[in-house]
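Take a look at the structure set out below.
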Amino acid sequence: MSSLEETLQRAENLLQPYGQSFNRPELNRLDVYLQRENLLAAVQALLEARWGYLSTITGIDRPSAAVEEGQTPTEGEIEVLYSFCSGAAVVSLRVRAPYSDAALPSICPLIPSATLGERELMEMFGVKVEGTPDTSRLILADSWPEGVYPLRKSFVPAARFSGEAKGG
Amino acid sequence: MNLAIHPLIVLLFFPGGLFLLASGLVFQWADRKLVARFQNRVGPRFFQPLADVLKLLAKEEIIPQGAHRGLFIALPIIALAAALTAALYVPMFGVQPFFSFQGDLIVTIYLLSALTISLGLAGANSVDRFSLVGATRTLTQLFSYEAPFLLAMIGPALAAQTWQISKINAFVGETTWFIVAQPIGFLVALVGLMGKLELPPFDAPEAETEIVAGALTEYSGRGFALFRLSKDIELVIGLTLVAAFYLGGIANPLEFLLKTGGLLLVMALLQTAFARLRIDQTVGMWWRVGALLGLVQILAILAGIYIRQWWL
Amino acid sequence: MSFEPLGENRFIVPIGPQHPALKEPGHFEFVVDGEIVTGASVRLGYVHRGIEKGAEDRTWIQNLYLMERICGICSHIHATAFVQGVEKLAGVEAPPRARAIREVFAELERIHSHMLWLGVAAHEGGFDALFMYSWRDREVVMDMLEMLSGNRVHYSANLIGGVKYDLNPEMMDKIRDGLNYLEERLAHYLDVVNHDETFIGRTRGIGTMTREQAQLLGAVGPTARASNFAFDVRVDAPYAAYAEFPVEMVVAQEGDLHARFVVRILETMESIRVLRRIFDNLPESELVTRVPRRIPAGETISRVEAPRGELFYFIASSGGEKPERVKVRTPSLCNWGTVITLAVGHKLADMPMILAGIDPCFSCNDRLVMVKRNHQDPQVWTWADLRNYGIEYYR
């Protein structure tokens, strides 16, 4: 499909100034690795060119690998994908934020509907989204403890390992 | 038909009191069943309304904090009393009304409005958002249908030259049915009655998808049962009034059954056929169409009377 | 001159978490001035079940069934999105017949979902007759699904690499009969929606959303298409057998509630047409291909068109028996933004219909484990603790 190719190529051209590296993991996908500072500018570029729409914001926890003897431990990171779709083409802007400085700029000023995704990111991954208009809880219960982020790999809901559930 | 019965029996058993309550439940059942059949549902069994009332009477009555206790308890009683009293002036079951005087039509309509007002007050008293919105809507609706409904009731009275329900009833029995002579009045009266009873599509005051149960949200147990009973009795009285005035009067129990039953069938059809009107749409409809039609009807009747007087 | 409402003088009408207008728990607060809504907010999470977290702890096969249980109404489409993503990662493709059968289930599901919605939305508007009739007719589809799979709701038609159930000519004939009946009924409902005066009074010009708004607010599915924002994953990026048996996109210009009714009804009729085409030319092949138990490492994005709009799955595998991360973005989540924005300026009486207009699915949004605050270590709360907590709480 050439139109698909064209669409992706157009996005690549648009994002050329901001991306660190580009990758085509699948025929219809373009992954763009970005620095946090460039995120807003990249989103702006896609918006101004009316390239697609923001489909979702996905967070992935990338904990540090097991440290071997003599190596300095690398810090775990939260990787965030901003997926834009246009027809069959999907462009993912990929940004990484280390645990110690888990913060990202809010894209709500550009795309108001991103608020739900950003709130989810804050609750589930503990990423501070700077400048997002609403910081109240969206999904987690009000009694959920502060500083516990369920979608981080370090969070293990213990209930499922206890065999005590049997017999209610 | 004219029966001579001791007034106490009239008040407590027939045709007031128990018998009226029972017929209210029967009419409620008939209404629900008809609507259900029109909507392709099975509908309730015949004893369901009675079971509902018995269950509610047995339940705990919860009085919300902040509500005026006395009012909260008294209002359902006032509502039921108003409905029961109103029935005494109406030719219920084809029996001559037991209390009758010049002007009882106005008293009856007043008593029926008192019922609605106590419903509105009950909502405003129970300090709940849904009740409050419901009460506002109930009273707004009262102000919108009341005038056209009254005009539609006055039509036959003017033609019969009396304010006494029993005399209008008798007069109507001797002339052409007023549904033919005053079709607009009949329409306004029937639709007005639906507004009065808050039946769909005029059920905005108790629209459950917006404000739960409207004015009655906080009512449970006895209070709720009494309000529902008074609503049922209002349904019977309303049907009797409209049937007596527009369907050639009610002279015996058979006529009563046939005429009110027929009206109920039409009302059930109307209930199924429409989507709920918003309160602003209801008010707009009544004042822009209902009141105007009612006035036109009255003017036509007055003109008819004058022409006849001048002619004869 | 501006009249900013003072904090204390605002009159807030809460809707939810339990409310007759909501068939599932969600919480809305509408700030009203008389009958006019001047502000709205939403709080979700009442049916959060932690499915995304749970997925990381289950094998690929177990996850298939977990994903299907995200939503009761659109169970098949969730499984399809997941299965297609996994198949892509594994580098296999389901056989043609299996893909066609996936489409059959998806379209039957769309019919049942849209008819369910039609009833609910009509009920919110106080039009109970339409509610009862559309739900009665919906039973026809439910019976078809039951005949095909043995289940009314969770059909579990998908397997990784294919489908479980085959279609035989008798089944197809039965379904055809049912579809003929449904088409007739839907034509009637379309007529009602277009011509019933009270209904039009409650829907036309209500909750109007322009194309620009729809795009900015991120609307998807029929909600977006009713605002002339034309995108449909089935057309734009065909999956399953949508390349062989394409559907036509239904769009409307008006963007109001009425347009949403029309778009959904027309879409249902389009589903019926495409189902007939599939039954006439159902390809012959196997139903399942072999898929390895371990899925190669990689990431993929799988998008499908659920009845409510674009469903987005991000699946990452680290090469093991369990996924590394499954992200589910359901269409309802996208459409919330539109409700909050559109509510302002409308009457309270319009709220249930505007809410229902996007066909919200709360379970889809909320996918956790309840942990007590101030507990010494929230991460080691066993089932027994939870149970005791529950007992203590109600003592």
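Ligands are numbered from 1 in the order shown, chains are lettered A, B, ... in the order of the structure tokens, and residues start at 1 in each chain.
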
Could you give me, as CSV, a per-residue list for chain C showing, wherever an atom lies at most 10 Å from an atom of chain B, the closest pair of atoms and their distance in Å to one decimal, using only C-alpha atoms and sorting by chain then residue number from low to high?
```
residue,atom,partner,partner_atom,distance
C:Phe11,CA,B:Arg129,CA,8.2
C:Ile12,CA,B:Arg129,CA,7.8
C:Val13,CA,B:Arg129,CA,6.4
C:Pro14,CA,B:Arg129,CA,8.4
C:Ile15,CA,B:Glu210,CA,7.9
C:His19,CA,B:Val212,CA,7.2
C:Pro20,CA,B:Thr209,CA,5.4
C:Ala21,CA,B:Thr209,CA,4.1
C:Leu22,CA,B:Thr209,CA,7.9
C:Gly34,CA,B:Val133,CA,8.3
C:Glu35,CA,B:Val133,CA,8.2
C:Ala122,CA,B:Ala275,CA,7.8
C:His123,CA,B:Thr209,CA,8.0
C:Glu124,CA,B:Thr209,CA,5.6
C:Gly125,CA,B:Arg276,CA,5.9
C:Gly126,CA,B:Arg276,CA,4.5
C:Phe127,CA,B:Ala275,CA,4.0
C:Asp128,CA,B:Thr272,CA,7.0
C:Ala129,CA,B:Gln39,CA,5.1
C:Leu130,CA,B:Gln39,CA,8.0
C:Phe131,CA,B:Gln39,CA,8.6
C:Met132,CA,B:Gln39,CA,5.9
C:Tyr133,CA,B:Gln39,CA,6.7
C:Arg136,CA,B:Asn40,CA,8.1
C:Asp196,CA,B:Phe274,CA,7.8
C:Glu197,CA,B:Phe274,CA,8.2
C:Thr198,CA,B:Ala275,CA,5.4
C:Phe199,CA,B:Ala275,CA,5.4
C:Ile200,CA,B:Ala275,CA,9.0
C:Gly201,CA,B:Leu277,CA,7.9
C:Arg202,CA,B:Leu277,CA,7.2
C:Lys347,CA,B:Arg278,CA,8.6
C:Leu348,CA,B:Glu210,CA,7.3
C:Ala349,CA,B:Arg278,CA,6.1
C:Asp350,CA,B:Arg278,CA,8.0
C:Met351,CA,B:Glu210,CA,7.4
C:Pro352,CA,B:Thr209,CA,6.3
C:Met353,CA,B:Thr209,CA,9.0
```

Gly162 (chain C) environment, 8 Å, only C-alpha atoms, sequence neighbours closer than 6 positions dropped, as a PDB file with C-alpha atoms, in the first residue's frame:
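Below is the file that was written, result.pdb:
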```pdb
ATOM      1  CA  ALA C  94      -5.603 -17.211  10.921  1.00  0.00           C
ATOM      2  CA  PRO C  95      -7.085 -19.224   8.012  1.00  0.00           C
ATOM      3  CA  ALA C  98     -11.648 -18.419  10.614  1.00  0.00           C
ATOM      4  CA  ARG C  99     -11.245 -14.753   9.746  1.00  0.00           C
ATOM      5  CA  LEU C 287     -10.394 -23.216  11.357  1.00  0.00           C
ATOM      6  CA  VAL C 288      -7.142 -23.039  13.289  1.00  0.00           C
ATOM      7  CA  THR C 289      -3.434 -22.779  12.578  1.00  0.00           C
TER       8      THR C 289
END
```

(message) At a cut-off of 6 Å, using only C-alpha atoms, what residues contact region 24-26 of chain C? Leave out same-chain residues fewer than 3 positions from it and give the result as a VMD selection string.
(response) chain C and resid 16 to 18 44 46

With N, CA and C atoms retained, write the just-selected residues as a PDB file, in the first residue's frame.
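And here's out_22.pdb as it stands now:
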```
ATOM      1  N   GLY C  16     -25.061   9.025  39.979  1.00  0.00           N
ATOM      2  CA  GLY C  16     -24.189   7.905  40.224  1.00  0.00           C
ATOM      3  C   GLY C  16     -23.492   7.993  41.552  1.00  0.00           C
ATOM      4  N   PRO C  17     -22.687   7.007  41.953  1.00  0.00           N
ATOM      5  CA  PRO C  17     -22.380   5.779  41.223  1.00  0.00           C
ATOM      6  C   PRO C  17     -23.594   4.877  40.992  1.00  0.00           C
ATOM      7  N   GLN C  18     -24.576   4.961  41.898  1.00  0.00           N
ATOM      8  CA  GLN C  18     -25.775   4.179  41.625  1.00  0.00           C
ATOM      9  C   GLN C  18     -26.903   5.125  41.267  1.00  0.00           C
ATOM     10  N   LEU C  44     -14.467   7.912  37.324  1.00  0.00           N
ATOM     11  CA  LEU C  44     -14.630   6.523  36.919  1.00  0.00           C
ATOM     12  C   LEU C  44     -13.989   5.607  37.961  1.00  0.00           C
ATOM     13  N   TYR C  46     -15.236   2.697  39.338  1.00  0.00           N
ATOM     14  CA  TYR C  46     -16.032   1.893  40.269  1.00  0.00           C
ATOM     15  C   TYR C  46     -16.033   0.408  39.911  1.00  0.00           C
TER      16      TYR C  46
END
```

(message) as a PyMOL selection string, please: the residues near Leu247 (chain B) (cut-off 10 Å, only C-alpha atoms, same-chain neighbours under 6 positions excluded).
(response) chain B and resi 169+172-173+176-180+186+240-241+255+259-260+263

(message) If we count only C-alpha atoms and set the cut-off at 10 Å, which residues sit around Asn23 (chain A), ignoring sequence neighbours fewer than 4 positions away in its own chain? Please answer as a VMD selection string.
(response) chain A and resid 12 29 to 33 92

Take the residues from that selection and put them in a file with C-alpha atoms, as a PDB file, in the first residue's frame.
```
ATOM      1  CA  GLU A  12       8.652  10.902   9.425  1.00  0.00           C
ATOM      2  CA  ARG A  29       3.904   1.593  12.217  1.00  0.00           C
ATOM      3  CA  LEU A  30       6.516   4.213  12.807  1.00  0.00           C
ATOM      4  CA  ASP A  31       8.238   4.499  16.179  1.00  0.00           C
ATOM      5  CA  VAL A  32       9.886   7.811  16.945  1.00  0.00           C
ATOM      6  CA  TYR A  33      12.215   7.986  19.934  1.00  0.00           C
ATOM      7  CA  SER A  92       4.170   6.220  18.284  1.00  0.00           C
TER       8      SER A  92
END
```

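For the pair CA of Met124 (chain A) and CA of Arg152 (chain A), the interatomic distance is 7.3 Å.
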
(message) Residues of region 186-361 of chain C classed as alpha helix (DSSP H) by DSSP on the backbone are to be reported as a PyMOL selection string.
(response) chain C and resi 186-195+197-203+211-217+221-225+233-236+257-280+331-343+351-357

Can those selected residues be exported to a file as a PDB file, in the first residue's frame so that it contains C-alpha atoms?
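Output (selection_2.pdb):
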```pdb
ATOM      1  CA  LEU C 186     -34.823  -1.731  12.002  1.00  0.00           C
ATOM      2  CA  ALA C 187     -36.388   0.007   9.025  1.00  0.00           C
ATOM      3  CA  HIS C 188     -39.404   0.583  11.243  1.00  0.00           C
ATOM      4  CA  TYR C 189     -37.269   1.963  14.099  1.00  0.00           C
ATOM      5  CA  LEU C 190     -35.496   4.257  11.683  1.00  0.00           C
ATOM      6  CA  ASP C 191     -38.890   5.526  10.649  1.00  0.00           C
ATOM      7  CA  VAL C 192     -39.865   6.079  14.288  1.00  0.00           C
ATOM      8  CA  VAL C 193     -36.618   7.870  15.063  1.00  0.00           C
ATOM      9  CA  ASN C 194     -37.011  10.084  12.018  1.00  0.00           C
ATOM     10  CA  HIS C 195     -40.697  10.842  12.297  1.00  0.00           C
ATOM     11  CA  GLU C 197     -42.511  14.246  16.917  1.00  0.00           C
ATOM     12  CA  THR C 198     -41.842  13.900  20.634  1.00  0.00           C
ATOM     13  CA  PHE C 199     -38.745  11.836  19.953  1.00  0.00           C
ATOM     14  CA  ILE C 200     -37.376  14.381  17.523  1.00  0.00           C
ATOM     15  CA  GLY C 201     -38.137  17.059  20.098  1.00  0.00           C
ATOM     16  CA  ARG C 202     -35.846  15.258  22.519  1.00  0.00           C
ATOM     17  CA  THR C 203     -33.028  14.472  20.084  1.00  0.00           C
ATOM     18  CA  ARG C 211     -16.501  17.804  13.237  1.00  0.00           C
ATOM     19  CA  GLU C 212     -13.709  19.968  14.695  1.00  0.00           C
ATOM     20  CA  GLN C 213     -14.950  19.374  18.239  1.00  0.00           C
ATOM     21  CA  ALA C 214     -15.206  15.671  17.617  1.00  0.00           C
ATOM     22  CA  GLN C 215     -11.636  15.591  16.409  1.00  0.00           C
ATOM     23  CA  LEU C 216     -10.309  17.767  19.210  1.00  0.00           C
ATOM     24  CA  LEU C 217     -12.161  15.868  21.927  1.00  0.00           C
ATOM     25  CA  GLY C 221     -16.887   5.308  16.523  1.00  0.00           C
ATOM     26  CA  PRO C 222     -20.524   6.121  15.803  1.00  0.00           C
ATOM     27  CA  THR C 223     -20.306   9.203  18.036  1.00  0.00           C
ATOM     28  CA  ALA C 224     -17.606  10.642  15.785  1.00  0.00           C
ATOM     29  CA  ARG C 225     -19.197   9.438  12.589  1.00  0.00           C
ATOM     30  CA  VAL C 233     -11.070   0.881  11.458  1.00  0.00           C
ATOM     31  CA  ARG C 234     -13.001  -1.711   9.481  1.00  0.00           C
ATOM     32  CA  VAL C 235     -12.673   0.500   6.406  1.00  0.00           C
ATOM     33  CA  ASP C 236      -9.393   2.309   7.029  1.00  0.00           C
ATOM     34  CA  LEU C 257     -28.242  13.049  19.243  1.00  0.00           C
ATOM     35  CA  HIS C 258     -30.605  12.359  16.419  1.00  0.00           C
ATOM     36  CA  ALA C 259     -27.690  11.786  14.040  1.00  0.00           C
ATOM     37  CA  ARG C 260     -26.222   9.299  16.533  1.00  0.00           C
ATOM     38  CA  PHE C 261     -29.460   7.348  16.475  1.00  0.00           C
ATOM     39  CA  VAL C 262     -29.559   7.356  12.697  1.00  0.00           C
ATOM     40  CA  VAL C 263     -25.903   6.388  12.290  1.00  0.00           C
ATOM     41  CA  ARG C 264     -26.228   3.456  14.666  1.00  0.00           C
ATOM     42  CA  ILE C 265     -29.392   2.131  13.076  1.00  0.00           C
ATOM     43  CA  LEU C 266     -27.937   2.430   9.581  1.00  0.00           C
ATOM     44  CA  GLU C 267     -24.762   0.735  10.770  1.00  0.00           C
ATOM     45  CA  THR C 268     -26.787  -2.160  12.081  1.00  0.00           C
ATOM     46  CA  MET C 269     -28.468  -2.503   8.708  1.00  0.00           C
ATOM     47  CA  GLU C 270     -25.048  -2.422   7.027  1.00  0.00           C
ATOM     48  CA  SER C 271     -23.957  -5.227   9.349  1.00  0.00           C
ATOM     49  CA  ILE C 272     -26.920  -7.278   8.200  1.00  0.00           C
ATOM     50  CA  ARG C 273     -25.949  -6.746   4.561  1.00  0.00           C
ATOM     51  CA  VAL C 274     -22.340  -7.733   5.105  1.00  0.00           C
ATOM     52  CA  LEU C 275     -23.408 -10.823   7.035  1.00  0.00           C
ATOM     53  CA  ARG C 276     -25.486 -11.943   4.053  1.00  0.00           C
ATOM     54  CA  ARG C 277     -22.510 -11.462   1.751  1.00  0.00           C
ATOM     55  CA  ILE C 278     -20.318 -13.541   4.014  1.00  0.00           C
ATOM     56  CA  PHE C 279     -22.886 -16.342   4.191  1.00  0.00           C
ATOM     57  CA  ASP C 280     -23.094 -16.400   0.390  1.00  0.00           C
ATOM     58  CA  PRO C 331     -13.677   3.509  22.817  1.00  0.00           C
ATOM     59  CA  SER C 332     -15.834   4.682  25.710  1.00  0.00           C
ATOM     60  CA  LEU C 333     -12.832   6.305  27.344  1.00  0.00           C
ATOM     61  CA  CYS C 334     -12.343   8.510  24.299  1.00  0.00           C
ATOM     62  CA  ASN C 335     -15.941   9.547  24.226  1.00  0.00           C
ATOM     63  CA  TRP C 336     -16.168  10.738  27.854  1.00  0.00           C
ATOM     64  CA  GLY C 337     -14.465  13.969  26.961  1.00  0.00           C
ATOM     65  CA  THR C 338     -17.276  14.745  24.593  1.00  0.00           C
ATOM     66  CA  VAL C 339     -19.963  14.289  27.265  1.00  0.00           C
ATOM     67  CA  ILE C 340     -18.294  16.612  29.738  1.00  0.00           C
ATOM     68  CA  THR C 341     -17.931  19.289  27.132  1.00  0.00           C
ATOM     69  CA  LEU C 342     -21.306  18.895  25.486  1.00  0.00           C
ATOM     70  CA  ALA C 343     -23.246  18.849  28.753  1.00  0.00           C
ATOM     71  CA  MET C 351     -28.226  14.698  30.435  1.00  0.00           C
ATOM     72  CA  PRO C 352     -29.295  11.065  30.486  1.00  0.00           C
ATOM     73  CA  MET C 353     -29.699  11.080  26.758  1.00  0.00           C
ATOM     74  CA  ILE C 354     -26.408  12.837  26.106  1.00  0.00           C
ATOM     75  CA  LEU C 355     -24.735  10.360  28.443  1.00  0.00           C
ATOM     76  CA  ALA C 356     -26.390   7.466  26.726  1.00  0.00           C
ATOM     77  CA  GLY C 357     -25.712   9.009  23.345  1.00  0.00           C
TER      78      GLY C 357
END
```

(request) Find the residues around Glu321 (chain C) up to 12 Å (only C-alpha atoms counted), leave out those fewer than 2 positions away in its own chain, and share them as a PyMOL selection string. (result) chain C and resi 55-63+86+90+292-297+316-319+323-324

(request) Have a look at CA of His68 (chain B) and CA of Ser126 (chain B) and let me know their distance in Å, one decimal. (result) 7.7 Å

(message) Can you pull out the residues contacting Leu264 (chain B)? Cut-off 9 Å, using only C-alpha atoms, and skip same-chain residues under 4 positions away; I want them as a list in words.
(response)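 With the cut-off at 9 Å, the set is Phe27, Ala30, Asp31, Leu34, Leu239, Lys259, Thr260, Ala268 and Leu269 of chain B.
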
(message) Ranking A:Cys85, A:Ile60, A:Leu138, A:Leu54 by minimum distance to Ile107 (chain A) and counting only C-alpha atoms, which one comes first?
(response) A:Leu54

(message) Between A:Thr135, A:Ile57, A:Val95, A:Ala65, which residue has the minimum interatomic distance to Gln35 (chain A), considering only C-alpha atoms?
(response)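 Once distances to Gln35 (chain A) are computed over only C-alpha atoms, the minimum belongs to A:Val95.
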
(message) Could you tell me how far CA of Leu93 (chain A) sits from CA of Leu14 (chain A), in Å to one decimal place?
(response)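 Here the two named atoms are 12.3 Å from each other.
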